[in-house]
file start34.txt (compact mmCIF, C-alpha atoms)
# COMPACT_ATOMS: atom_id res chain seq x y z
CA MET A 326 43.79 37.73 -57.81
CA THR A 327 46.21 40.44 -56.73
CA LEU A 328 47.34 40.33 -53.13
CA THR A 329 48.84 43.48 -51.69
CA PRO A 330 50.75 42.85 -48.45
CA ILE A 331 50.62 45.61 -45.86
CA PRO A 332 53.14 46.65 -43.23
CA THR A 333 52.13 45.36 -39.83
CA SER A 334 54.00 47.98 -37.79
CA GLY A 335 51.47 50.21 -36.09
CA LEU A 336 48.63 47.87 -37.04
CA SER A 337 48.76 45.61 -34.01
CA ARG A 338 45.44 44.22 -32.90
CA ARG A 339 46.26 45.52 -29.43
CA GLY A 340 46.44 49.04 -30.83
CA PHE A 341 42.90 48.91 -32.13
CA LEU A 342 41.15 46.73 -29.59
CA ARG A 343 41.58 46.57 -25.86
CA ARG A 344 41.12 43.20 -24.25
CA SER A 345 38.44 43.04 -21.61
CA ALA A 346 37.93 40.48 -18.86
CA GLY A 347 34.45 40.29 -17.43
CA VAL A 348 33.47 43.92 -18.08
CA ALA A 349 31.68 45.72 -20.88
CA ALA A 350 34.07 46.26 -23.77
CA VAL A 351 35.22 49.72 -24.78
CA ALA A 352 36.82 50.48 -28.13
CA ALA A 353 40.35 51.84 -27.96
CA LEU A 354 41.59 53.15 -31.30
CA PRO A 355 45.21 54.26 -31.64
CA GLY A 356 45.95 57.94 -32.06
CA TRP A 357 47.20 57.60 -35.62
CA LEU A 358 43.91 56.01 -36.65
CA LEU A 359 41.92 58.78 -35.03
CA THR A 360 43.77 61.33 -37.14
CA ALA A 361 43.30 59.20 -40.25
CA CYS A 362 39.56 58.84 -39.72
CA GLY A 363 37.70 61.28 -41.90
CA SER A 364 40.12 60.95 -44.82
CA GLU A 365 38.70 60.12 -48.20
CA GLY A 366 41.19 57.37 -48.93
CA SER A 367 44.83 57.26 -49.93
CA ASP A 368 45.90 58.27 -53.43
CA GLY A 369 46.55 54.65 -54.32
CA ALA A 370 43.23 53.26 -53.07
CA VAL A 371 41.62 53.68 -56.50
CA VAL A 372 43.70 53.43 -59.67
CA GLU A 373 42.47 54.15 -63.19
CA GLU A 374 44.52 52.80 -66.08
CA GLY A 375 43.71 51.61 -69.58
CA GLY A 376 39.99 52.03 -69.12
CA VAL A 377 39.95 49.80 -66.02
CA THR A 378 39.41 51.11 -62.51
CA THR A 379 41.21 49.08 -59.85
CA ILE A 380 39.60 49.39 -56.45
CA LYS A 381 41.60 48.27 -53.43
CA ALA A 382 39.40 46.62 -50.85
CA THR A 383 39.46 44.68 -47.61
CA HIS A 384 37.15 41.86 -46.63
CA GLY A 385 36.47 39.40 -43.85
CA THR A 386 36.65 35.61 -43.84
CA GLY A 387 33.06 34.49 -43.28
CA LEU A 388 30.37 33.44 -45.73
CA CYS A 389 28.92 36.95 -45.67
CA ASN A 390 31.80 37.77 -48.04
CA LEU A 391 30.86 35.14 -50.61
CA THR A 392 29.37 37.46 -53.25
CA PHE A 393 32.37 39.78 -52.83
CA PHE A 394 34.71 36.83 -53.46
CA LEU A 395 32.69 35.71 -56.47
CA ALA A 396 32.76 39.23 -57.89
CA LYS A 397 36.53 38.89 -57.97
CA GLU A 398 36.64 35.31 -59.22
CA LYS A 399 34.09 35.76 -62.01
CA ALA A 400 35.35 39.21 -63.06
CA TRP A 401 31.87 40.18 -64.20
CA SER A 402 32.93 43.72 -65.07
CA ASP A 403 35.11 44.81 -67.99
CA THR A 404 35.79 48.17 -66.41
CA VAL A 405 36.41 47.45 -62.71
CA ASP A 406 38.86 45.15 -60.96
CA LEU A 407 38.91 44.39 -57.24
CA GLU A 408 42.31 44.15 -55.60
CA TRP A 409 42.43 42.59 -52.15
CA VAL A 410 44.59 44.27 -49.53
CA VAL A 411 45.47 41.50 -47.11
CA ALA A 412 45.51 42.26 -43.39
CA PRO A 413 46.84 39.90 -40.69
CA THR A 414 43.87 40.11 -38.29
CA ASN A 415 40.21 40.96 -38.16
CA ALA A 416 40.97 44.23 -36.39
CA ASP A 417 43.53 45.25 -39.00
CA ILE A 418 40.93 44.91 -41.75
CA VAL A 419 38.84 47.57 -40.05
CA THR A 420 41.86 49.72 -39.21
CA LEU A 421 42.94 49.88 -42.86
CA PHE A 422 39.49 51.02 -43.91
CA GLY A 423 39.31 53.69 -41.24
CA ALA A 424 42.80 54.90 -42.09
CA GLY A 425 41.86 55.39 -45.75
CA GLU A 426 44.32 52.80 -47.08
CA VAL A 427 41.39 51.29 -49.00
CA ASN A 428 38.19 52.90 -50.25
CA VAL A 429 35.88 49.90 -50.08
CA SER A 430 35.34 47.15 -47.54
CA LEU A 431 32.96 44.28 -46.88
CA VAL A 432 32.72 44.79 -43.13
CA PRO A 433 30.46 44.08 -40.13
CA TYR A 434 28.14 47.06 -39.85
CA THR A 435 29.00 47.40 -36.16
CA GLN A 436 32.70 47.92 -36.83
CA PHE A 437 31.77 50.33 -39.61
CA MET A 438 29.86 52.40 -37.04
CA THR A 439 32.82 52.56 -34.67
CA LEU A 440 34.79 54.15 -37.51
CA THR A 441 32.14 56.73 -38.44
CA ASP A 442 31.73 57.56 -34.77
CA LYS A 443 35.42 58.51 -34.73
CA GLY A 444 34.99 60.74 -37.76
CA ALA A 445 35.68 58.49 -40.75
CA ASP A 446 33.73 59.75 -43.76
CA LEU A 447 32.22 56.43 -44.85
CA LYS A 448 28.83 55.21 -46.08
CA ILE A 449 27.04 51.86 -46.24
CA ILE A 450 26.10 51.39 -49.90
CA ALA A 451 24.89 47.77 -50.15
CA GLY A 452 24.50 44.52 -48.26
CA GLY A 453 26.80 41.55 -47.91
CA GLY A 454 25.51 38.65 -45.83
CA VAL A 455 22.69 37.98 -43.44
CA GLN A 456 22.25 35.76 -40.40
CA GLY A 457 24.96 33.24 -39.45
CA CYS A 458 26.11 34.89 -36.20
CA ILE A 459 26.02 31.89 -33.88
CA LEU A 460 26.78 31.50 -30.18
CA VAL A 461 28.16 28.01 -29.55
CA ALA A 462 28.86 26.57 -26.10
CA GLN A 463 30.78 23.57 -24.81
CA LYS A 464 29.03 20.40 -23.68
CA GLY A 465 26.82 20.91 -20.66
CA ILE A 466 26.18 24.61 -21.25
CA THR A 467 22.65 25.01 -22.52
CA SER A 468 21.49 28.37 -21.15
CA ALA A 469 22.64 31.92 -20.43
CA GLU A 470 22.70 31.20 -16.71
CA GLN A 471 25.17 28.37 -17.26
CA LEU A 472 27.53 30.84 -18.92
CA ARG A 473 27.93 32.70 -15.63
CA GLY A 474 31.62 32.77 -14.72
CA LYS A 475 32.54 31.20 -18.07
CA SER A 476 34.58 32.57 -20.98
CA ILE A 477 33.24 33.67 -24.37
CA GLY A 478 35.55 34.16 -27.34
CA THR A 479 34.73 36.47 -30.24
CA PHE A 480 35.88 39.60 -32.14
CA GLN A 481 35.59 43.01 -30.53
CA ALA A 482 33.03 45.57 -31.76
CA ASP A 483 31.88 42.94 -34.26
CA THR A 484 28.32 41.84 -34.96
CA LEU A 485 29.56 38.66 -33.29
CA GLU A 486 30.10 40.48 -30.00
CA VAL A 487 26.64 42.06 -30.05
CA VAL A 488 25.04 38.59 -30.23
CA PRO A 489 26.22 37.40 -26.77
CA TYR A 490 25.58 40.90 -25.41
CA ASN A 491 21.93 40.68 -26.47
CA TYR A 492 21.66 37.01 -25.47
CA LEU A 493 22.86 37.71 -21.95
CA LYS A 494 20.80 40.89 -21.68
CA GLU A 495 17.61 38.95 -22.47
CA ALA A 496 18.44 36.69 -19.51
CA GLY A 497 19.03 39.64 -17.18
CA MET A 498 22.81 39.23 -17.37
CA SER A 499 25.71 41.26 -18.77
CA PHE A 500 29.35 40.95 -19.74
CA LYS A 501 30.16 41.46 -16.06
CA ASP A 502 28.88 37.91 -15.51
CA VAL A 503 31.33 36.36 -17.99
CA THR A 504 34.90 36.73 -19.20
CA MET A 505 35.15 38.06 -22.74
CA LYS A 506 38.18 36.93 -24.73
CA TYR A 507 38.97 38.62 -28.04
CA LEU A 508 40.74 36.70 -30.78
CA GLY A 509 42.45 37.88 -33.97
CA THR A 510 41.32 35.64 -36.82
CA SER A 511 38.45 33.29 -37.67
CA PRO A 512 40.61 30.12 -37.57
CA GLU A 513 42.12 31.25 -34.26
CA LEU A 514 38.67 31.78 -32.77
CA ALA A 515 37.43 28.37 -33.94
CA GLU A 516 40.56 26.64 -32.65
CA ALA A 517 40.14 28.24 -29.23
CA PHE A 518 36.79 26.50 -28.94
CA LEU A 519 37.90 23.18 -30.43
CA SER A 520 40.86 23.02 -28.04
CA GLY A 521 38.68 23.83 -25.04
CA ALA A 522 40.47 27.12 -24.36
CA VAL A 523 37.13 28.96 -24.12
CA ASP A 524 33.73 27.85 -22.90
CA ALA A 525 31.83 29.42 -25.76
CA ILE A 526 32.39 31.35 -28.98
CA SER A 527 30.30 33.71 -31.05
CA HIS A 528 31.31 32.96 -34.62
CA ILE A 529 30.21 33.06 -38.25
CA GLU A 530 29.78 30.40 -40.88
CA PRO A 531 31.35 28.11 -41.93
CA TYR A 532 33.41 28.17 -38.71
CA ALA A 533 30.46 27.99 -36.30
CA SER A 534 29.11 24.78 -37.85
CA GLN A 535 32.60 23.29 -37.90
CA ALA A 536 32.98 24.12 -34.21
CA VAL A 537 29.71 22.32 -33.40
CA ALA A 538 30.69 19.30 -35.49
CA GLY A 539 34.21 19.15 -34.08
CA ARG A 540 33.35 19.30 -30.40
CA PRO A 541 31.11 16.46 -29.14
CA GLY A 542 28.13 17.72 -27.19
CA ALA A 543 28.56 21.34 -28.29
CA THR A 544 25.35 23.38 -28.13
CA VAL A 545 24.04 26.24 -30.26
CA LEU A 546 22.68 28.73 -27.71
CA THR A 547 21.41 31.15 -30.33
CA ASP A 548 21.67 31.64 -34.07
CA GLY A 549 20.48 35.22 -33.79
CA ILE A 550 17.18 34.53 -35.56
CA ASP A 551 15.39 33.88 -32.26
CA MET A 552 16.44 37.36 -31.09
CA TYR A 553 16.43 39.42 -34.29
CA GLY A 554 14.21 37.58 -36.74
CA ALA A 555 15.14 36.04 -40.10
CA GLY A 556 17.36 37.99 -42.47
CA TYR A 557 19.15 40.11 -39.87
CA THR A 558 22.23 41.91 -41.19
CA ASP A 559 25.75 40.67 -40.54
CA CYS A 560 28.02 42.56 -42.93
CA VAL A 561 27.68 45.35 -45.47
CA LEU A 562 29.49 46.91 -48.38
CA ALA A 563 30.83 50.29 -47.36
CA ALA A 564 32.82 52.94 -49.20
CA SER A 565 34.45 56.28 -48.50
CA SER A 566 32.45 59.37 -49.41
CA GLY A 567 35.33 60.43 -51.62
CA ALA A 568 35.12 57.22 -53.64
CA ILE A 569 31.35 57.58 -53.96
CA GLU A 570 31.79 61.08 -55.35
CA GLU A 571 34.75 60.41 -57.63
CA HIS A 572 34.22 56.78 -58.67
CA ARG A 573 30.47 56.35 -58.53
CA ASP A 574 30.20 54.30 -61.72
CA ALA A 575 32.97 51.96 -60.59
CA LEU A 576 31.26 51.34 -57.25
CA LYS A 577 28.00 50.66 -59.05
CA GLU A 578 29.83 48.04 -61.09
CA VAL A 579 31.00 46.42 -57.85
CA ILE A 580 27.40 46.30 -56.61
CA ARG A 581 26.18 44.91 -59.94
CA SER A 582 28.91 42.27 -59.84
CA MET A 583 27.85 41.26 -56.34
CA MET A 584 24.25 41.03 -57.57
CA LEU A 585 25.37 38.75 -60.41
CA SER A 586 27.27 36.72 -57.82
CA GLN A 587 24.16 36.39 -55.67
CA GLN A 588 22.27 35.19 -58.74
CA LEU A 589 24.97 32.59 -59.42
CA LEU A 590 24.93 31.44 -55.81
CA GLU A 591 21.14 31.05 -55.89
CA GLN A 592 20.84 29.45 -59.31
CA LYS A 593 24.11 27.53 -59.68
CA PRO A 594 25.34 27.01 -56.11
CA ASP A 595 27.69 24.17 -57.04
CA GLU A 596 29.64 26.43 -59.39
CA ALA A 597 29.76 29.31 -56.91
CA ILE A 598 30.90 27.07 -54.06
CA ALA A 599 33.52 25.26 -56.15
CA LEU A 600 35.15 28.61 -56.91
CA THR A 601 35.40 29.68 -53.29
CA ALA A 602 35.32 26.77 -50.81
CA GLN A 603 38.99 25.91 -50.68
CA LYS A 604 40.45 29.19 -51.91
CA TYR A 605 38.70 31.47 -49.43
CA PHE A 606 37.31 29.26 -46.66
CA LYS A 607 39.94 26.48 -46.61
CA THR A 608 37.28 23.81 -46.31
CA THR A 609 35.23 21.38 -48.39
CA GLU A 610 32.49 22.25 -50.81
CA ALA A 611 30.04 20.22 -48.72
CA VAL A 612 30.74 22.35 -45.65
CA VAL A 613 30.29 25.61 -47.56
CA ALA A 614 27.11 24.33 -49.23
CA LYS A 615 25.55 23.57 -45.86
CA SER A 616 26.77 26.78 -44.24
CA SER A 617 25.64 29.01 -47.12
CA SER A 618 22.03 28.08 -46.40
CA ILE A 619 22.55 29.27 -42.81
CA GLN A 620 24.31 32.51 -43.77
CA PRO A 621 23.07 33.59 -47.22
CA CYS A 622 24.22 36.63 -49.16
CA VAL A 623 21.79 39.46 -49.89
CA VAL A 624 22.91 42.58 -51.77
CA ASP A 625 19.76 44.63 -51.12
CA GLN A 626 19.53 45.27 -47.39
CA LYS A 627 17.81 48.65 -47.41
CA ASP A 628 14.99 47.20 -45.31
CA LYS A 629 17.46 46.42 -42.51
CA GLN A 630 18.54 50.01 -41.98
CA GLN A 631 16.52 50.39 -38.78
CA PHE A 632 17.77 47.05 -37.48
CA MET A 633 21.34 48.29 -37.84
CA LEU A 634 20.53 51.56 -36.10
CA ASP A 635 18.90 49.63 -33.25
CA ARG A 636 22.09 47.62 -32.79
CA ALA A 637 24.03 50.89 -32.81
CA ALA A 638 22.15 51.74 -29.62
CA ASP A 639 23.54 48.49 -28.18
CA LEU A 640 27.03 49.54 -29.26
CA LYS A 641 26.61 52.84 -27.42
CA ASP A 642 25.53 50.98 -24.29
CA MET A 643 28.60 48.75 -24.67
CA GLY A 644 30.84 51.82 -24.74
CA TYR A 645 31.85 51.72 -28.39
CA LEU A 646 29.95 54.76 -29.66
CA GLY A 647 29.71 58.27 -28.36
CA LYS A 648 26.32 58.69 -29.99
CA VAL A 649 23.89 56.60 -32.00
CA PRO A 650 24.15 57.45 -35.71
CA GLY A 651 21.21 58.22 -37.96
CA GLU A 652 20.37 57.63 -41.59
CA GLU A 653 23.32 59.81 -42.62
CA VAL A 654 25.64 56.78 -42.48
CA PHE A 655 23.72 55.13 -45.34
CA ASP A 656 23.78 55.95 -49.05
CA TRP A 657 21.47 53.55 -50.88
CA SER A 658 21.36 55.70 -54.03
CA LEU A 659 23.99 53.63 -55.85
CA LEU A 660 22.12 50.41 -55.08
CA ASP A 661 18.84 51.97 -56.21
CA GLU A 662 20.41 52.99 -59.51
CA VAL A 663 21.87 49.51 -60.06
CA ILE A 664 18.46 47.96 -59.41
CA GLU A 665 16.75 50.38 -61.81
CA GLU A 666 19.35 49.87 -64.53
CA ASN A 667 19.37 46.07 -64.11
CA ALA A 668 15.69 45.32 -63.53
CA GLU A 669 15.82 41.85 -65.11
CA LEU A 670 18.81 40.81 -63.00
CA TYR A 671 17.24 42.10 -59.81
CA GLY A 672 13.95 40.45 -60.67
CA SER A 673 15.69 37.09 -61.02
CA LEU A 674 17.05 37.13 -57.45
CA GLU A 675 15.42 34.86 -54.93
CA ARG A 676 16.25 37.21 -52.05
CA LYS A 677 15.38 40.67 -53.28
CA ARG A 678 15.48 42.03 -49.76
CA ALA A 679 17.09 40.78 -46.56
call {"tool": "encode", "arguments": {"input": "start34.txt", "output": "structure tokens"}}
result
Amino acid sequence: MTLTPIPTSGLSRRGFLRRSAGVAAVAALPGWLLTACGSEGSDGAVVEEGGVTTIKATHGTGLCNLTFFLAKEKAWSDTVDLEWVVAPTNADIVTLFGAGEVNVSLVPYTQFMTLTDKGADLKIIAGGGVQGCILVAQKGITSAEQLRGKSIGTFQADTLEVVPYNYLKEAGMSFKDVTMKYLGTSPELAEAFLSGAVDAISHIEPYASQAVAGRPGATVLTDGIDMYGAGYTDCVLAASSGAIEEHRDALKEVIRSMMLSQQLLEQKPDEAIALTAQKYFKTTEAVVAKSSSIQPCVVDQKDKQQFMLDRAADLKDMGYLGKVPGEEVFDWSLLDEVIEENAELYGSLERKRA
């Protein structure tokens, strides 16, 4: 696996996200990112050499990335190679994508929408993971009302922030009733809860389950399913419009590789988990095995398009979007072609739709 370090100057989390205490969050992107949004990717984001197309990509740290990780580890394609561009924080992952330093990212669909709202020419082309966005509270907190005046840790503009927003809204409350604290990385967010620094966290697997197990009396307030239904989207595969136009076949290979990875995860989970548990999640195979059933990977999420647009309305209410996007932010044509050209593979998948 090739790791490409990035310069951290100008990519501070504080530059992309503004901390908020007890008020609705508002995205604050730095000026240089605003000018970069709308680019079709840097010249080095896709490299063709010797018949192999190298695509530079960013990714997150949760189980929604599992098929993306397996696509790299198994190297299913003879013509496409994924090269990870490593970013120091969750916010920097999104910033790199919006700035055009990479052409592909496995990213929460909410953060994707904050980028397109600022003019980035990007499209959602396939699914990543579903479910697994879990709101966990310290001992003694068992309801929304008991969160009043308490602190909630999460990532800003993430699917993980929309979960407590919706949870509180259903109880007639808002972020004005709590103190929102925004952390930089998944381990940092989990540690904040385990150390007692925050009263609750909205986190993904496998970190959410580890937080529950590591803090006696911890309570799961919502796993998202009770609000959204089973199979709700967490993260998606997105690409720049320029990459879709110029490297369509390569992106289709990425989607096919993720589909093969989903097949492996469903049919030979022990092999899939052994390849990724320690390397990507820094935990045991047993933990990943349990968590992967809570947050499965599904490549075909076309049926969740409206769900994502509905959450975009929440993002607008939260102050992140100037307007709610429409179907123009999706391009399912590559996924449709992969399904048509690989009918047997698609037919073998347990989860054909989210």
call {"tool": "residues_around", "arguments": {"input": "start34.txt", "residues": "A:Ser618", "least_positions_apart": "2", "cutoff": "12 Å", "atoms": "all atoms listed in the file", "output": "VMD selection string"}}
result
chain A and resid 388 to 389 454 to 457 530 to 531 534 556 590 to 591 594 598 611 to 616 620 to 623
call {"tool": "closest_residue", "arguments": {"input": "start34.txt", "among": "A:Met498, A:Leu460, A:Ala536, A:Val561", "to": "A:Glu516", "atoms": "all atoms listed in the file"}}
result
A:Ala536
call {"tool": "closest_residue", "arguments": {"input": "start34.txt", "among": "A:Tyr434, A:Phe393, A:Phe632, A:Tyr492", "to": "A:Thr547", "atoms": "all atoms listed in the file"}}
result
A:Tyr492
call {"tool": "atom_distance", "arguments": {"input": "start34.txt", "atom1": "atom CA of A:Ala538", "atom2": "atom CA of A:Ala462"}}
result
12.0 Å
call {"tool": "atom_distance", "arguments": {"input": "start34.txt", "atom1": "atom CA of A:Gly539", "atom2": "atom CA of A:Ser511"}}
result
15.2 Å
call {"tool": "closest_residue", "arguments": {"input": "start34.txt", "among": "A:Leu493, A:Met643, A:Met584, A:Val663", "to": "A:Trp401", "atoms": "all atoms listed in the file"}}
result
A:Met584
call {"tool": "atom_distance", "arguments": {"input": "start34.txt", "atom1": "atom CA of A:Pro650", "atom2": "atom CA of A:Tyr557"}}
result
18.5 Å
call {"tool": "closest_residue", "arguments": {"input": "start34.txt", "among": "A:Lys381, A:Ser582, A:Lys475, A:Ser617", "to": "A:Asp595", "atoms": "all atoms listed in the file"}}
result
A:Ser617
call {"tool": "closest_residue", "arguments": {"input": "start34.txt", "among": "A:Gly423, A:Gly651, A:Gly542, A:Gly387", "to": "A:Ile529", "atoms": "all atoms listed in the file"}}
result
A:Gly387
call {"tool": "residues_around", "arguments": {"input": "start34.txt", "residues": "A:Val371", "least_positions_apart": "5", "cutoff": "8 Å", "atoms": "all atoms listed in the file", "output": "count of residues only"}}
result
7
call {"tool": "closest_residue", "arguments": {"input": "start34.txt", "among": "A:Lys607, A:Ile450, A:Thr467, A:Gln631", "to": "A:Pro512", "atoms": "all atoms listed in the file"}}
result
A:Lys607
call {"tool": "residues_near_point", "arguments": {"input": "start34.txt", "point": "(20.2, 50.9, -36.7)", "cutoff": "10 Å", "atoms": "all atoms listed in the file", "output": "list of chain:residue names"}}
result
A:Tyr434, A:Thr435, A:Met438, A:Lys629, A:Gln630, A:Gln631, A:Phe632, A:Met633, A:Leu634, A:Asp635, A:Arg636, A:Ala637, A:Ala638, A:Asp639, A:Val649, A:Pro650, A:Gly651, A:Glu652, A:Val654
call {"tool": "write_last_selection", "arguments": {"input": "start34.txt", "atoms": "C-alpha atoms", "output": "PDB file, in the frame of the given file"}}
result
ATOM      1  CA  TYR A 434      28.140  47.060 -39.850  1.00  0.00           C
ATOM      2  CA  THR A 435      29.000  47.400 -36.160  1.00  0.00           C
ATOM      3  CA  MET A 438      29.860  52.400 -37.040  1.00  0.00           C
ATOM      4  CA  LYS A 629      17.460  46.420 -42.510  1.00  0.00           C
ATOM      5  CA  GLN A 630      18.540  50.010 -41.980  1.00  0.00           C
ATOM      6  CA  GLN A 631      16.520  50.390 -38.780  1.00  0.00           C
ATOM      7  CA  PHE A 632      17.770  47.050 -37.480  1.00  0.00           C
ATOM      8  CA  MET A 633      21.340  48.290 -37.840  1.00  0.00           C
ATOM      9  CA  LEU A 634      20.530  51.560 -36.100  1.00  0.00           C
ATOM     10  CA  ASP A 635      18.900  49.630 -33.250  1.00  0.00           C
ATOM     11  CA  ARG A 636      22.090  47.620 -32.790  1.00  0.00           C
ATOM     12  CA  ALA A 637      24.030  50.890 -32.810  1.00  0.00           C
ATOM     13  CA  ALA A 638      22.150  51.740 -29.620  1.00  0.00           C
ATOM     14  CA  ASP A 639      23.540  48.490 -28.180  1.00  0.00           C
ATOM     15  CA  VAL A 649      23.890  56.600 -32.000  1.00  0.00           C
ATOM     16  CA  PRO A 650      24.150  57.450 -35.710  1.00  0.00           C
ATOM     17  CA  GLY A 651      21.210  58.220 -37.960  1.00  0.00           C
ATOM     18  CA  GLU A 652      20.370  57.630 -41.590  1.00  0.00           C
ATOM     19  CA  VAL A 654      25.640  56.780 -42.480  1.00  0.00           C
TER      20      VAL A 654
END
call {"tool": "decode", "arguments": {"input": "start34.txt", "residues": "stretch 650-673 of chain A", "atoms": "C-alpha atoms", "output": "PDB file, in the first residue's frame"}}
result
ATOM      1  CA  PRO A 650     -29.317  19.743  -3.733  1.00  0.00           C
ATOM      2  CA  GLY A 651     -31.232  17.600  -6.190  1.00  0.00           C
ATOM      3  CA  GLU A 652     -30.501  14.487  -8.186  1.00  0.00           C
ATOM      4  CA  GLU A 653     -27.738  16.337 -10.052  1.00  0.00           C
ATOM      5  CA  VAL A 654     -25.241  15.383  -7.323  1.00  0.00           C
ATOM      6  CA  PHE A 655     -25.640  11.687  -8.190  1.00  0.00           C
ATOM      7  CA  ASP A 656     -24.265   9.767 -11.164  1.00  0.00           C
ATOM      8  CA  TRP A 657     -25.312   6.126 -10.871  1.00  0.00           C
ATOM      9  CA  SER A 658     -24.510   5.356 -14.520  1.00  0.00           C
ATOM     10  CA  LEU A 659     -21.110   3.837 -13.732  1.00  0.00           C
ATOM     11  CA  LEU A 660     -22.638   1.568 -11.083  1.00  0.00           C
ATOM     12  CA  ASP A 661     -25.416   0.555 -13.477  1.00  0.00           C
ATOM     13  CA  GLU A 662     -22.854  -0.387 -16.122  1.00  0.00           C
ATOM     14  CA  VAL A 663     -20.809  -2.411 -13.623  1.00  0.00           C
ATOM     15  CA  ILE A 664     -23.940  -4.289 -12.551  1.00  0.00           C
ATOM     16  CA  GLU A 665     -24.921  -4.997 -16.165  1.00  0.00           C
ATOM     17  CA  GLU A 666     -21.422  -6.131 -17.122  1.00  0.00           C
ATOM     18  CA  ASN A 667     -21.016  -8.273 -13.984  1.00  0.00           C
ATOM     19  CA  ALA A 668     -24.477  -9.788 -13.598  1.00  0.00           C
ATOM     20  CA  GLU A 669     -23.241 -12.997 -11.972  1.00  0.00           C
ATOM     21  CA  LEU A 670     -21.180 -11.111  -9.392  1.00  0.00           C
ATOM     22  CA  TYR A 671     -24.036  -8.768  -8.563  1.00  0.00           C
ATOM     23  CA  GLY A 672     -26.463 -11.664  -8.363  1.00  0.00           C
ATOM     24  CA  SER A 673     -24.247 -13.373  -5.781  1.00  0.00           C
TER      25      SER A 673
END
